[in-house]
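Shown next: work18.cif, containing mmCIF, C-alpha atoms and all ligand atoms.
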```
data_coords
#
loop_
_atom_site.label_atom_id
_atom_site.label_comp_id
_atom_site.auth_asym_id
_atom_site.auth_seq_id
_atom_site.Cartn_x
_atom_site.Cartn_y
_atom_site.Cartn_z
CA MET A 6 123.55 208.49 -192.33
CA THR A 7 121.36 206.19 -190.32
CA ALA A 8 120.33 207.32 -186.93
CA THR A 9 120.68 204.65 -184.37
CA MET A 10 117.77 204.29 -182.06
CA PRO A 11 118.61 204.04 -178.43
CA ALA A 12 118.20 200.44 -177.47
CA LEU A 13 115.05 199.82 -175.52
CA PRO A 14 115.62 197.97 -172.33
CA THR A 15 114.72 194.41 -173.15
CA PRO A 16 112.80 192.76 -170.37
CA GLY A 17 114.85 189.89 -169.08
CA PRO A 18 113.26 186.89 -167.51
CA ALA A 19 111.27 187.96 -164.47
CA PRO A 20 113.40 187.35 -161.42
CA THR A 21 111.93 184.24 -159.86
CA ARG A 22 112.11 184.28 -156.11
CA PRO A 23 112.05 180.92 -154.44
CA VAL A 24 108.65 179.93 -153.08
CA ALA A 25 110.23 178.66 -149.88
CA ALA A 26 113.74 179.03 -148.51
CA ALA A 27 115.85 178.60 -145.42
CA LEU A 28 119.07 180.48 -144.74
CA ASP A 29 121.44 179.13 -142.11
CA LEU A 30 118.46 177.62 -140.31
CA VAL A 31 119.12 176.21 -136.85
CA LYS A 32 116.50 174.47 -134.73
CA VAL A 33 117.36 173.31 -131.24
CA TYR A 34 114.92 171.45 -129.01
CA GLY A 35 115.30 171.31 -125.23
CA SER A 36 118.26 172.53 -123.18
CA ASP A 37 121.22 171.08 -121.28
CA LYS A 38 120.93 167.29 -121.12
CA THR A 39 117.83 167.16 -123.31
CA ARG A 40 119.31 169.51 -125.94
CA VAL A 41 118.91 168.24 -129.53
CA VAL A 42 120.19 170.13 -132.56
CA ALA A 43 117.49 169.00 -134.99
CA LEU A 44 118.63 171.36 -137.80
CA ASP A 45 122.23 172.45 -138.02
CA HIS A 46 122.71 175.45 -140.37
CA VAL A 47 120.47 174.39 -143.25
CA THR A 48 120.45 176.59 -146.35
CA VAL A 49 118.10 175.58 -149.17
CA GLU A 50 115.75 177.10 -151.77
CA PHE A 51 112.64 175.64 -153.43
CA GLY A 52 111.58 177.11 -156.79
CA ARG A 53 107.99 177.59 -157.96
CA GLY A 54 106.54 174.54 -159.66
CA THR A 55 109.14 172.10 -158.36
CA PHE A 56 108.69 168.75 -156.66
CA THR A 57 111.31 167.90 -154.03
CA ALA A 58 111.67 164.71 -152.01
CA ILE A 59 113.33 164.91 -148.59
CA MET A 60 115.02 161.72 -147.40
CA GLY A 61 117.25 160.60 -144.58
CA PRO A 62 117.28 158.35 -141.53
CA SER A 63 114.76 158.59 -138.71
CA GLY A 64 115.62 161.56 -136.49
CA SER A 65 117.68 163.34 -139.18
CA GLY A 66 115.41 166.42 -139.05
CA LYS A 67 113.04 165.94 -142.00
CA SER A 68 109.79 166.73 -140.17
CA THR A 69 111.47 169.57 -138.28
CA LEU A 70 112.63 171.13 -141.56
CA MET A 71 109.12 170.90 -143.00
CA HIS A 72 107.55 172.43 -139.86
CA CYS A 73 110.05 175.32 -139.85
CA LEU A 74 109.64 176.02 -143.60
CA ALA A 75 105.84 175.99 -143.23
CA GLY A 76 105.89 178.32 -140.21
CA LEU A 77 104.43 175.66 -137.91
CA ASP A 78 107.41 175.82 -135.60
CA ARG A 79 109.56 178.80 -134.53
CA ILE A 80 113.23 178.62 -135.44
CA THR A 81 116.22 179.01 -133.11
CA ALA A 82 118.49 180.93 -135.53
CA GLY A 83 118.76 181.80 -139.22
CA ARG A 84 115.97 182.93 -141.56
CA VAL A 85 112.99 181.26 -143.22
CA PHE A 86 111.07 182.63 -146.21
CA LEU A 87 107.71 181.72 -147.70
CA GLY A 88 107.14 183.69 -150.90
CA ASP A 89 107.81 187.34 -150.03
CA HIS A 90 107.37 186.80 -146.31
CA GLU A 91 110.19 186.31 -143.86
CA LEU A 92 108.43 184.03 -141.40
CA ASN A 93 110.62 184.70 -138.38
CA ALA A 94 109.78 188.42 -138.66
CA LEU A 95 106.00 187.89 -138.51
CA SER A 96 103.73 188.05 -135.49
CA ASP A 97 101.79 184.90 -134.62
CA LYS A 98 98.67 186.42 -136.16
CA GLU A 99 100.42 187.30 -139.44
CA LEU A 100 102.06 183.90 -139.52
CA THR A 101 98.69 182.16 -139.17
CA ARG A 102 97.32 184.16 -142.09
CA VAL A 103 100.30 183.49 -144.39
CA ARG A 104 100.15 179.81 -143.55
CA ARG A 105 96.41 179.64 -144.15
CA ASP A 106 96.66 181.41 -147.52
CA ARG A 107 99.75 179.71 -148.93
CA VAL A 108 100.45 176.37 -147.34
CA GLY A 109 98.89 172.91 -147.37
CA PHE A 110 100.40 170.54 -144.84
CA VAL A 111 99.98 166.76 -144.68
CA PHE A 112 101.14 165.73 -141.20
CA GLN A 113 103.04 162.52 -140.58
CA ALA A 114 100.36 161.66 -137.96
CA PHE A 115 97.45 162.95 -140.15
CA ASN A 116 96.04 165.21 -137.33
CA LEU A 117 92.41 164.76 -138.39
CA LEU A 118 89.74 166.06 -136.02
CA PRO A 119 88.01 162.96 -134.60
CA THR A 120 84.56 164.50 -134.18
CA LEU A 121 84.33 165.74 -137.79
CA THR A 122 83.42 163.61 -140.79
CA ALA A 123 85.87 163.15 -143.66
CA ARG A 124 84.05 165.85 -145.65
CA GLN A 125 84.15 168.30 -142.73
CA ASN A 126 87.84 167.59 -142.14
CA ILE A 127 88.64 168.22 -145.80
CA VAL A 128 86.91 171.60 -145.99
CA LEU A 129 88.05 172.72 -142.50
CA PRO A 130 90.84 175.05 -143.76
CA LEU A 131 88.30 176.81 -146.00
CA ASP A 132 85.78 177.03 -143.14
CA LEU A 133 88.43 178.60 -140.93
CA ALA A 134 89.19 181.13 -143.64
CA GLY A 135 85.48 181.87 -144.16
CA ARG A 136 85.65 180.55 -147.73
CA LYS A 137 83.34 178.15 -149.57
CA PRO A 138 84.76 175.11 -151.39
CA ASP A 139 84.80 175.26 -155.18
CA PRO A 140 82.51 172.22 -155.84
CA THR A 141 84.37 171.18 -159.02
CA HIS A 142 87.74 171.27 -157.28
CA PHE A 143 86.32 169.45 -154.23
CA ASP A 144 84.87 166.68 -156.43
CA GLN A 145 88.13 166.39 -158.35
CA VAL A 146 90.30 166.11 -155.23
CA VAL A 147 87.92 163.61 -153.61
CA ALA A 148 87.65 161.50 -156.77
CA SER A 149 91.38 161.47 -157.44
CA LEU A 150 91.96 160.23 -153.89
CA GLY A 151 89.16 157.65 -154.10
CA LEU A 152 87.28 159.06 -151.10
CA GLY A 153 83.85 159.53 -152.68
CA ASP A 154 82.09 156.85 -150.61
CA ARG A 155 83.79 157.65 -147.27
CA LEU A 156 82.94 161.34 -146.95
CA ASP A 157 80.33 160.97 -144.22
CA HIS A 158 82.48 158.78 -141.95
CA ARG A 159 84.54 159.95 -138.99
CA PRO A 160 88.30 159.19 -138.89
CA SER A 161 87.78 156.30 -136.41
CA GLU A 162 85.57 154.64 -139.04
CA LEU A 163 88.25 154.92 -141.74
CA SER A 164 91.29 152.74 -142.47
CA GLY A 165 94.77 154.22 -141.98
CA GLY A 166 95.17 154.71 -145.73
CA GLN A 167 91.77 156.41 -145.99
CA GLN A 168 92.65 158.74 -143.09
CA GLN A 169 95.89 159.59 -144.87
CA ARG A 170 93.98 160.40 -148.06
CA VAL A 171 91.57 162.66 -146.14
CA ALA A 172 94.61 164.47 -144.69
CA ILE A 173 95.98 164.91 -148.22
CA ALA A 174 92.63 166.19 -149.55
CA ARG A 175 92.55 168.72 -146.69
CA ALA A 176 95.98 170.01 -147.74
CA LEU A 177 95.00 170.30 -151.42
CA ILE A 178 91.55 171.85 -151.03
CA THR A 179 92.76 175.46 -150.68
CA LYS A 180 94.95 175.21 -153.83
CA PRO A 181 97.98 176.35 -151.83
CA ASP A 182 101.24 177.62 -153.38
CA VAL A 183 103.22 175.07 -151.42
CA ILE A 184 102.19 171.60 -150.34
CA PHE A 185 104.27 170.06 -147.58
CA ALA A 186 103.62 166.33 -147.29
CA ASP A 187 105.30 164.33 -144.52
CA GLU A 188 105.45 160.71 -145.72
CA PRO A 189 102.14 161.01 -147.60
CA THR A 190 102.39 157.50 -149.04
CA GLY A 191 103.41 155.88 -145.72
CA ALA A 192 99.99 154.33 -145.03
CA LEU A 193 98.94 153.79 -148.66
CA ASP A 194 98.97 150.55 -150.65
CA SER A 195 101.11 150.68 -153.79
CA LYS A 196 98.19 151.43 -156.13
CA ASN A 197 96.94 154.38 -154.06
CA GLY A 198 100.52 155.50 -153.48
CA LEU A 199 101.26 155.62 -157.21
CA ALA A 200 97.96 157.41 -157.89
CA LEU A 201 98.84 160.05 -155.28
CA LEU A 202 102.35 160.59 -156.68
CA ALA A 203 100.88 161.01 -160.19
CA TYR A 204 98.36 163.51 -158.80
CA LEU A 205 101.11 165.50 -157.05
CA GLN A 206 103.10 165.57 -160.30
CA ALA A 207 100.00 166.93 -162.05
CA CYS A 208 99.64 169.66 -159.37
CA VAL A 209 103.18 170.80 -160.21
CA ARG A 210 102.77 170.53 -163.97
CA ASP A 211 99.24 171.92 -164.38
CA LEU A 212 98.86 174.34 -161.45
CA GLY A 213 102.48 175.34 -160.85
CA GLN A 214 102.24 174.27 -157.22
CA THR A 215 105.40 173.50 -155.30
CA ILE A 216 105.65 170.19 -153.48
CA ILE A 217 108.02 169.26 -150.69
CA MET A 218 107.56 165.65 -149.67
CA VAL A 219 109.28 163.56 -147.02
CA THR A 220 109.61 159.91 -147.97
CA HIS A 221 111.58 156.84 -146.97
CA ASP A 222 110.72 155.20 -150.31
CA ALA A 223 113.24 155.55 -153.16
CA LYS A 224 110.49 154.76 -155.68
CA ALA A 225 108.39 157.66 -154.36
CA ALA A 226 111.43 159.98 -154.40
CA ALA A 227 112.01 159.07 -158.07
CA HIS A 228 108.71 160.85 -158.88
CA ALA A 229 110.22 164.16 -157.72
CA ASP A 230 112.52 166.51 -159.72
CA ARG A 231 114.99 166.67 -156.86
CA ALA A 232 115.88 164.69 -153.75
CA LEU A 233 117.55 166.19 -150.69
CA VAL A 234 119.20 163.88 -148.16
CA LEU A 235 119.38 164.93 -144.51
CA PHE A 236 121.72 163.47 -141.94
CA ASP A 237 122.09 164.73 -138.37
CA GLY A 238 120.25 167.95 -139.16
CA ARG A 239 122.33 168.78 -142.24
CA ILE A 240 121.73 168.50 -145.98
CA VAL A 241 124.36 166.04 -147.18
CA ASP A 242 123.11 165.39 -150.73
CA ASP A 243 121.08 167.29 -153.34
CA ILE A 244 120.20 165.03 -156.27
CA GLY A 245 118.69 166.41 -159.50
CA ARG A 246 116.27 164.15 -161.42
CA PRO A 247 116.52 161.38 -158.84
CA SER A 248 116.18 157.75 -159.86
CA VAL A 249 115.66 154.76 -157.58
CA GLU A 250 119.33 153.89 -158.15
CA SER A 251 120.78 157.36 -157.45
CA VAL A 252 118.66 157.73 -154.31
CA ASN A 253 119.59 154.30 -152.99
CA ALA A 254 123.26 155.02 -153.70
CA ALA A 255 123.04 158.29 -151.73
CA LEU A 256 121.39 156.51 -148.80
CA ALA A 257 124.01 153.74 -148.93
CA ARG A 258 126.76 156.42 -148.69
CA LEU A 259 125.26 157.44 -145.32
CA ASP A 260 125.90 153.96 -143.95
CA ALA A 261 129.47 153.91 -145.28
N1 LIG B 301 109.17 168.57 -130.02
C1 LIG B 301 110.37 168.03 -129.87
N2 LIG B 301 111.04 168.11 -128.71
C2 LIG B 301 112.28 167.59 -128.55
N3 LIG B 301 112.96 166.97 -129.53
C3 LIG B 301 112.34 166.86 -130.72
C4 LIG B 301 111.03 167.37 -130.96
N4 LIG B 301 110.69 167.11 -132.24
C5 LIG B 301 111.74 166.44 -132.76
N5 LIG B 301 112.74 166.30 -131.86
C6 LIG B 301 114.05 165.66 -132.10
O1 LIG B 301 114.65 166.31 -133.21
C7 LIG B 301 115.32 165.37 -134.06
C8 LIG B 301 114.72 165.43 -135.46
O2 LIG B 301 113.38 164.96 -135.41
P1 LIG B 301 112.45 164.87 -136.69
O3 LIG B 301 111.07 164.58 -136.20
O4 LIG B 301 112.64 166.11 -137.50
O5 LIG B 301 113.07 163.62 -137.45
P2 LIG B 301 112.63 162.93 -138.82
O6 LIG B 301 113.78 162.99 -139.76
O7 LIG B 301 111.34 163.50 -139.28
O8 LIG B 301 112.44 161.40 -138.35
P3 LIG B 301 111.34 160.27 -138.82
O9 LIG B 301 111.84 159.71 -140.12
O10 LIG B 301 111.40 159.27 -137.70
O11 LIG B 301 109.99 160.91 -138.91
C9 LIG B 301 115.14 164.02 -133.38
O12 LIG B 301 116.29 163.76 -132.61
C10 LIG B 301 113.93 164.22 -132.48
O13 LIG B 301 113.98 163.37 -131.36
MG MG B 302 109.39 162.75 -139.41
#
```
This entry written out as structure tokens:
Amino acid sequence: MTATMPALPTPGPAPTRPVAAALDLVKVYGSDKTRVVALDHVTVEFGRGTFTAIMGPSGSGKSTLMHCLAGLDRITAGRVFLGDHELNALSDKELTRVRRDRVGFVFQAFNLLPTLTARQNIVLPLDLAGRKPDPTHFDQVVASLGLGDRLDHRPSELSGGQQQRVAIARALITKPDVIFADEPTGALDSKNGLALLAYLQACVRDLGQTIIMVTHDAKAAAHADRALVLFDGRIVDDIGRPSVESVNAALARLDA
């Protein structure tokens, strides 16, 4: 007679929580006559190590969604999660800390500090956190963005594309879990734009970072693993493995 051993519990795949998520997210600006529903019940999840493009017409809510997911803006209703943290349940102080530790944000309008040099702007998030830059990582970020010879200049002495690259370096320098980039290729020439997209893909592949990128460019969106399309504050399309053709077709459906 053979005794049967009780089966050991086999460890299944570790449950992977999304890195960022919104549940029934509503964001309303203004009141009465100036009332704008910028996000209208948005539910979406972003997995670790994924690269998502967010597309849609001007005013459809792309920047608002990014700001709410990153905890830069308070929401009107619903829930927003960043890793294990429910952002709407945090105090301002806790929110600032979570944001500082986990998020890199490239603003549509760059938001560089005019009195600081490029180098000082890039390391600012580390300075604020009382941390020193890892020199190897700093050199790598600066070199990959082609900023090596502009580090001692102030934003007013840089071209638009160079300012945009400084803003990107500032978002990457802390090695955040999630990088939010609002039209990061908008001011770049095609060579620098392609180099940036390749670098972002490498961040996902090699470091497991999660990237959420707003773009109006179907070619840029085709570098992502997924493209979401917003219209009037709602997600109207969710495209896996987007191509220039599938993205353009989705945008054309909006006009129809
Ligand atoms: N601070 C604000 N106060 C009032 N309304 C706002 C504010 N920010 C955005 N809105 C409005 O919310 C809506 C969504 O704006 P949002 O900036 O998210 O659009 P977007 O998709 O990023 O557009 P774009 O492609 O032009 O950057 C728009 O109608 C906009 O006018
Ligand atoms: Mg915007």
Can you work out which residues are within 9 Å of ligand LIG 301 (chain B), considering only C-alpha atoms and all ligand atoms, and then hand them over as JSON, numbers by chain?
{"A": [32, 33, 34, 35, 39, 40, 41, 42, 43, 44, 60, 61, 62, 63, 64, 65, 66, 67, 68, 69, 70, 71, 72, 113, 187, 188, 219, 220, 221, 235, 236, 237, 238]}
CA of Leu133 (chain A) sits from CA of Arg105 (chain A) at a separation of 8.7 Å
Selected residue, from A:Phe115, A:Gly109, A:Pro23, A:Arg84, that lies nearest to ligand MG 302 (chain B) when counting all atoms listed in the file:
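Comparing A:Phe115, A:Gly109, A:Pro23, A:Arg84 against ligand MG 302 (chain B), the winner is A:Phe115.
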Rank nothing, just name the residue among A:Ile173, A:Ala186, A:Leu156, A:Val146 nearest to ligand MG 302 (chain B), using only C-alpha atoms and all ligand atoms.
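For ligand MG 302 (chain B), the nearest of the given residues is A:Ala186.
Every protein or nucleic acid residue with an atom no more than 10 Å from region 150-154 of chain A, counting all atoms listed in the file and leaving out same-chain residues fewer than 6 positions away, appears here: A:Ala123, A:Arg124, A:Asp144, A:Gln167, A:Gln168, A:Gln169, A:Arg170, A:Val171, A:Ile173, A:Ala174, A:Asn197, A:Gly198, A:Ala200, A:Leu201, A:Tyr204.
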Can you tell me which residues surround Leu95 (chain A) at a distance of at most 12 Å, considering all atoms listed in the file, apart from same-chain residues fewer than 6 positions away, and format the answer as a list in words?
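These residues fall inside the cut-off: Gly76, Arg79, Arg84, Val85, Phe86, Leu87, Asp89, Thr101, Arg102, Val103 and Arg104 of chain A.
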Would you kindly return, as a list of chain:residue names, each protein, DNA or RNA residue with an atom no farther than 10 Å from any atom of Ala232 (chain A), considering all atoms listed in the file and excluding same-chain residues fewer than 5 positions away?
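My reading of the contact set: A:Phe56, A:Thr57, A:Ala58, A:Ile59, A:Met60, A:Ile217, A:Met218, A:Val219, A:Thr220, A:Ala223, A:Ala226, A:Ala227, A:Asp242, A:Asp243, A:Ile244, A:Gly245, A:Arg246, A:Pro247, A:Ser248, A:Ser251, A:Val252, A:Ala255.
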Keeping only C-alpha atoms, write the selected residues as a PDB file, in the coordinates of the input.
```pdb
ATOM      1  CA  PHE A  56     108.690 168.750-156.660  1.00  0.00           C
ATOM      2  CA  THR A  57     111.310 167.900-154.030  1.00  0.00           C
ATOM      3  CA  ALA A  58     111.670 164.710-152.010  1.00  0.00           C
ATOM      4  CA  ILE A  59     113.330 164.910-148.590  1.00  0.00           C
ATOM      5  CA  MET A  60     115.020 161.720-147.400  1.00  0.00           C
ATOM      6  CA  ILE A 217     108.020 169.260-150.690  1.00  0.00           C
ATOM      7  CA  MET A 218     107.560 165.650-149.670  1.00  0.00           C
ATOM      8  CA  VAL A 219     109.280 163.560-147.020  1.00  0.00           C
ATOM      9  CA  THR A 220     109.610 159.910-147.970  1.00  0.00           C
ATOM     10  CA  ALA A 223     113.240 155.550-153.160  1.00  0.00           C
ATOM     11  CA  ALA A 226     111.430 159.980-154.400  1.00  0.00           C
ATOM     12  CA  ALA A 227     112.010 159.070-158.070  1.00  0.00           C
ATOM     13  CA  ASP A 242     123.110 165.390-150.730  1.00  0.00           C
ATOM     14  CA  ASP A 243     121.080 167.290-153.340  1.00  0.00           C
ATOM     15  CA  ILE A 244     120.200 165.030-156.270  1.00  0.00           C
ATOM     16  CA  GLY A 245     118.690 166.410-159.500  1.00  0.00           C
ATOM     17  CA  ARG A 246     116.270 164.150-161.420  1.00  0.00           C
ATOM     18  CA  PRO A 247     116.520 161.380-158.840  1.00  0.00           C
ATOM     19  CA  SER A 248     116.180 157.750-159.860  1.00  0.00           C
ATOM     20  CA  SER A 251     120.780 157.360-157.450  1.00  0.00           C
ATOM     21  CA  VAL A 252     118.660 157.730-154.310  1.00  0.00           C
ATOM     22  CA  ALA A 255     123.040 158.290-151.730  1.00  0.00           C
TER      23      ALA A 255
END
```
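Atom to atom, CA of Ile80 (chain A) and CA of Val31 (chain A) stand 6.5 Å apart.
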At what distance in Å, to one decimal, does CA of Lys38 (chain A) lie from CA of Cys73 (chain A)?
23.1 Å
With N, CA and C atoms as the goal, would you fill in the gaps in region 220-232 of chain A and present it as an mmCIF file, in the coordinates of the input?
```
data_model
loop_
_atom_site.group_PDB
_atom_site.id
_atom_site.type_symbol
_atom_site.label_atom_id
_atom_site.label_comp_id
_atom_site.auth_asym_id
_atom_site.auth_seq_id
_atom_site.Cartn_x
_atom_site.Cartn_y
_atom_site.Cartn_z
ATOM 1 N N THR A 220 109.896 161.327 -147.698
ATOM 2 C CA THR A 220 109.610 159.910 -147.970
ATOM 3 C C THR A 220 110.803 159.052 -147.593
ATOM 4 N N HIS A 221 110.520 157.819 -147.204
ATOM 5 C CA HIS A 221 111.580 156.840 -146.970
ATOM 6 C C HIS A 221 111.695 155.896 -148.180
ATOM 7 N N ASP A 222 110.852 156.132 -149.195
ATOM 8 C CA ASP A 222 110.720 155.200 -150.310
ATOM 9 C C ASP A 222 111.423 155.760 -151.562
ATOM 10 N N ALA A 223 112.474 155.070 -151.996
ATOM 11 C CA ALA A 223 113.240 155.550 -153.160
ATOM 12 C C ALA A 223 112.354 155.639 -154.403
ATOM 13 N N LYS A 224 111.379 154.734 -154.511
ATOM 14 C CA LYS A 224 110.490 154.760 -155.680
ATOM 15 C C LYS A 224 109.631 156.023 -155.664
ATOM 16 N N ALA A 225 109.179 156.419 -154.471
ATOM 17 C CA ALA A 225 108.390 157.660 -154.360
ATOM 18 C C ALA A 225 109.281 158.861 -154.692
ATOM 19 N N ALA A 226 110.514 158.854 -154.165
ATOM 20 C CA ALA A 226 111.430 159.980 -154.400
ATOM 21 C C ALA A 226 111.725 160.145 -155.891
ATOM 22 N N ALA A 227 111.712 159.018 -156.631
ATOM 23 C CA ALA A 227 112.010 159.070 -158.070
ATOM 24 C C ALA A 227 110.911 159.796 -158.854
ATOM 25 N N HIS A 228 109.760 160.061 -158.229
ATOM 26 C CA HIS A 228 108.710 160.850 -158.880
ATOM 27 C C HIS A 228 108.978 162.352 -158.776
ATOM 28 N N ALA A 229 109.929 162.737 -157.923
ATOM 29 C CA ALA A 229 110.220 164.160 -157.720
ATOM 30 C C ALA A 229 111.257 164.629 -158.744
ATOM 31 N N ASP A 230 111.480 165.973 -158.817
ATOM 32 C CA ASP A 230 112.520 166.510 -159.720
ATOM 33 C C ASP A 230 113.859 166.610 -158.991
ATOM 34 N N ARG A 231 113.792 166.445 -157.670
ATOM 35 C CA ARG A 231 114.990 166.670 -156.860
ATOM 36 C C ARG A 231 114.842 165.899 -155.557
ATOM 37 N N ALA A 232 115.934 165.359 -155.057
ATOM 38 C CA ALA A 232 115.880 164.690 -153.750
ATOM 39 C C ALA A 232 116.987 165.257 -152.865
#
```
